[in-house]
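Colleague: Please see the structure below; I have some questions.
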Amino acid sequence: MTDRSRRWGRVGALLRKEWRQLFRDPKTKRIIFVSPIIQLLLFGYAVNTDVHRVATWVVDHEGSATSRALQDALTAGGYFRIVGRSDRPADLARALDRGDAVIGIEIPPAFGGDLAAGRSPAVQVLVDGTNSNTGTVAQGYVTRIVQRFGTERAAGPNRPAAGVDLVARAWYNPGLTSLVYNVPAVLGALVFMMSLLLIGLAVVRERELGTLEQLLVSPLTPGELMLGKTLPVAAVALIDLVLVATVAILWFEVPFRGSPVALVLATLLFALAALGMGLLISTVSRTQQEAFMAMFLLILPALILSGFMYPIHTMPEAFQALTLVNPVRWYIEIVRALFLKGATVAELWRPYLALTLMGIGVFAVATWRFRRAVG
């Protein structure tokens, strides 16, 4: 038997041992298979920036058929629901102060008459800016609805409206649904967290139980030991990718327009970087508690600086520079482009190259540190 065959025989035996250990514990099975699905459902439904049925208070000083038609136009699309009506501005201010309404609309007394005469009446819109995202989106919706209503009424049935007819269309996500944008990014968050947790805690657990020393006195070399530890976790990352992507496509109906091969390739490169980070954490942690705290300090900044929750272009320039060394940022960019745009590897060569360089670099440093720690 050659040295190569003996080496792969030892690695294969370790792989079988690690695979059995991963699936022997019922808790680990739930973490691997159930936890990603639960987290995807939570992220998919809870992280939602869409505006639906926003509480709206209307102050109607005219009370005409035209002003009532404007209110019907506001509620017709399902974006707003009128929670109260009055003819006193003080009631509107009180509703906003108490949180009973998010949007307040004040219709002037001569609203219908000004429209009929071709004049432009001023409709006041007050927005509760406590939640800036909801307030901004709702303000945009109500502005477009009021402007469209005014244009249609001012034109009349026999008088076409003057000016430019602007027709806007959202590309790739026609409904501007935040779920379609957020769910693909959850893939990056889940693969990153699972890779870190499984590889980091696995090595530290071996050290706590004293079995790591037993592996070190075996014929296994540090490189073979590291390979036997990382390959099962990489396989689990691919399994989670299939599970989460299936739920995203079938349950949330997120379109997938790209190539599955391109997605798997990006996941393998991304998992390489995540596994390297997990190995680095395992080499500086003596207990699982230390490893978990180190992972927590790494996961949260990585997600914040990835564009998952906040657009990168809105961050300060110093933080935008930090995102360049964050593999989660590049993976999420690839996943969103594959799901929504159907982009190819050639079109995404920059994020693929960044993941490749970071994966090789981080894993090389982790390998060196791991050899020193166990040597």
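In the structure tokens, chains take the letters A, B, ... in the order shown, each chain's residues start at 1, and ligands count up from 1 in the order shown.
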Skip region 95-105 of chain A itself and residues of its chain fewer than 2 positions away, then list as a VMD selection string all residues within 8 Å of it, counting only C-alpha atoms.

Modeller: chain A and resid 54 to 59 83 91 to 93 107 123 to 128 135 138 to 139

Colleague: Give me a file of those residues, with N, CA and C atoms, as a compact mmCIF listing (two decimals), in the first residue's frame.

Modeller:
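Now in part-v2.txt:
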# COMPACT_ATOMS: atom_id res chain seq x y z
N VAL A 54 -51.10 50.76 6.41
CA VAL A 54 -50.54 51.72 7.35
C VAL A 54 -51.68 52.55 7.95
N ALA A 55 -51.67 52.68 9.26
CA ALA A 55 -52.72 53.45 9.96
C ALA A 55 -52.68 54.91 9.52
N THR A 56 -53.82 55.39 9.01
CA THR A 56 -53.90 56.73 8.43
C THR A 56 -55.06 57.50 9.04
N TRP A 57 -54.79 58.75 9.41
CA TRP A 57 -55.83 59.64 9.94
C TRP A 57 -56.09 60.74 8.92
N VAL A 58 -57.34 60.99 8.60
CA VAL A 58 -57.71 61.95 7.57
C VAL A 58 -58.48 63.11 8.20
N VAL A 59 -58.03 64.33 7.90
CA VAL A 59 -58.76 65.54 8.26
C VAL A 59 -59.33 66.12 6.96
N VAL A 83 -57.97 54.96 9.95
CA VAL A 83 -58.36 54.62 11.33
C VAL A 83 -59.19 55.71 11.98
N ASP A 91 -57.04 66.87 16.07
CA ASP A 91 -57.26 65.42 16.19
C ASP A 91 -56.18 64.64 15.46
N LEU A 92 -55.74 65.16 14.32
CA LEU A 92 -54.67 64.50 13.57
C LEU A 92 -53.37 64.52 14.37
N ALA A 93 -53.03 65.67 14.94
CA ALA A 93 -51.80 65.76 15.73
C ALA A 93 -51.85 64.84 16.94
N ILE A 107 -56.97 67.47 3.98
CA ILE A 107 -57.52 67.88 2.69
C ILE A 107 -58.11 69.29 2.86
N VAL A 123 -52.40 69.53 -0.51
CA VAL A 123 -52.80 68.48 0.44
C VAL A 123 -51.61 68.23 1.36
N GLN A 124 -51.86 68.41 2.66
CA GLN A 124 -50.78 68.24 3.63
C GLN A 124 -50.68 66.78 4.07
N VAL A 125 -49.47 66.25 4.10
CA VAL A 125 -49.21 64.89 4.55
C VAL A 125 -48.23 64.95 5.70
N LEU A 126 -48.62 64.42 6.84
CA LEU A 126 -47.76 64.35 8.02
C LEU A 126 -47.39 62.90 8.26
N VAL A 127 -46.11 62.65 8.54
CA VAL A 127 -45.59 61.30 8.68
C VAL A 127 -44.93 61.15 10.05
N ASP A 128 -45.25 60.06 10.73
CA ASP A 128 -44.57 59.72 11.97
C ASP A 128 -43.19 59.13 11.61
N GLY A 135 -41.83 55.22 7.55
CA GLY A 135 -42.28 56.57 7.25
C GLY A 135 -41.89 57.00 5.85
N ALA A 138 -43.93 54.87 3.23
CA ALA A 138 -45.33 55.29 3.23
C ALA A 138 -45.50 56.69 2.63
N GLN A 139 -44.57 57.58 2.93
CA GLN A 139 -44.64 58.92 2.36
C GLN A 139 -44.53 58.89 0.85

Colleague: Need to verify the contact set: region 242-257 of chain A, 6 Å, only C-alpha atoms, exclusion of same-chain residues closer than 5 positions in sequence. Can you return it as a list in words?

Modeller: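 After dropping sequence-adjacent residues, the list is Val180, Phe339 and Gly342 of chain A.
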
Colleague: Mind listing the helix (DSSP H, G or I) residues of region 222-297 of chain A, per DSSP on the backbone, as a VMD selection string?

Modeller: chain A and resid 222 to 250 260 to 284 288 to 297

Colleague: Report the closest atom pair, with its distance in Å rounded to one decimal, for each residue of region 269-308 of chain A that has an atom no farther than 9 Å from region 352-368 of chain A; count only C-alpha atoms, sort by chain and then rising residue number, and write it as a tab-separated table.

Modeller:
residue	atom	partner	partner_atom	distance
A:Leu269	CA	A:Thr356	CA	5.9
A:Phe270	CA	A:Leu355	CA	6.1
A:Ala271	CA	A:Gly359	CA	7.8
A:Leu272	CA	A:Gly359	CA	5.1
A:Ala273	CA	A:Gly359	CA	3.9
A:Ala274	CA	A:Gly359	CA	7.7
A:Leu275	CA	A:Phe363	CA	7.3
A:Gly276	CA	A:Phe363	CA	4.3
A:Met277	CA	A:Val362	CA	6.7
A:Gly278	CA	A:Ala366	CA	8.4
A:Leu279	CA	A:Ala366	CA	5.7
A:Leu280	CA	A:Ala366	CA	5.1
A:Ile281	CA	A:Ala366	CA	8.8
A:Thr283	CA	A:Ala366	CA	8.3

Colleague: Output as a list in words all residues of region 100-349 of chain A that backbone DSSP marks as strand (DSSP E or B).

Modeller: Ile103, Gly104, Ile105, Glu106, Ile107, Gln124, Val125, Leu126 and Val127 of chain A

Colleague: Restricted to C-alpha atoms, what would the selected residues look like written as a PDB file, in the first residue's frame?

Modeller:
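selection.pdb, written as the output of this step:
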ATOM      1  CA  ILE A 103     -49.752  58.940   8.292  1.00  0.00           C
ATOM      2  CA  GLY A 104     -51.896  62.050   8.602  1.00  0.00           C
ATOM      3  CA  ILE A 105     -53.597  63.672   5.593  1.00  0.00           C
ATOM      4  CA  GLU A 106     -55.259  67.071   5.654  1.00  0.00           C
ATOM      5  CA  ILE A 107     -57.525  67.883   2.694  1.00  0.00           C
ATOM      6  CA  GLN A 124     -50.782  68.237   3.628  1.00  0.00           C
ATOM      7  CA  VAL A 125     -49.211  64.890   4.546  1.00  0.00           C
ATOM      8  CA  LEU A 126     -47.764  64.353   8.022  1.00  0.00           C
ATOM      9  CA  VAL A 127     -45.589  61.296   8.684  1.00  0.00           C
TER      10      VAL A 127
END

Colleague: Between A:Leu115, A:Leu241, A:Met193, A:Ala321, single out the one closest to Met295 (chain A), counting only C-alpha atoms.

Modeller: A:Met193

Colleague: At what distance in Å, to one decimal, does CA of Arg144 (chain A) lie from CA of Asn131 (chain A)?

Modeller: 20.2 Å

Colleague: Neighbouring residues of His61 (chain A) were defined as those with any atom within 6 Å, considering only C-alpha atoms; residues of the same chain fewer than 4 positions away were excluded. Please report them as a ChimeraX atom specification.

Modeller: /A:87,107-109

Colleague: Got a sec: who's within 7 Å of region 32-48 of chain A, counting only C-alpha atoms, leaving out chain neighbours fewer than 6 positions off, as JSON, numbers by chain?

Modeller: {"A": [178, 179, 182, 183, 186, 190, 240, 244]}

Colleague: To one decimal place in Å, what is the distance between CA of Lys29 (chain A) and CA of Leu14 (chain A)?

Modeller: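 According to the coordinates, CA of Lys29 (chain A) and CA of Leu14 (chain A) are separated by 19.3 Å.
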
Colleague: Can you tell me which residues surround Leu231 (chain A) at a distance of at most 9 Å, considering only C-alpha atoms, apart from same-chain residues fewer than 5 positions away, and format the answer as a count of residues only?

Modeller: 3

Colleague: Go through A:Ala76, A:Leu225, A:Ala110, A:Ile31 one by one, measure the shortest atom-to-atom distance of each to Trp8 (chain A) using only C-alpha atoms, and give the residue with the smallest value.

Modeller: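 That would be A:Leu225, the residue with the smallest distance to Trp8 (chain A).
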
Colleague: I'd like to know which of A:Pro174, A:Arg207, A:Leu70, A:Phe192 is closest to Thr143 (chain A), using only C-alpha atoms.

Modeller: A:Leu70

Colleague: Have a look at CA of Val328 (chain A) and CA of Gly188 (chain A) and let me know their distance in Å, one decimal.

Modeller: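 Rounded to one decimal, the two atoms are 6.2 Å apart.
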
Colleague: From the set A:Ala189, A:Glu206, A:Glu347, A:Arg369, which residue has the shortest atom-to-atom contact distance to Pro301 (chain A), counting only C-alpha atoms?

Modeller: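 Of A:Ala189, A:Glu206, A:Glu347, A:Arg369, the one nearest Pro301 (chain A) is A:Ala189, counting only C-alpha atoms.
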
Colleague: Return the single residue from A:Gln320, A:Ser285, A:Thr177, A:Thr267 that is closest to Leu340 (chain A), with distances computed using only C-alpha atoms.

Modeller: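 Smallest separation from Leu340 (chain A) among the options: A:Thr177.
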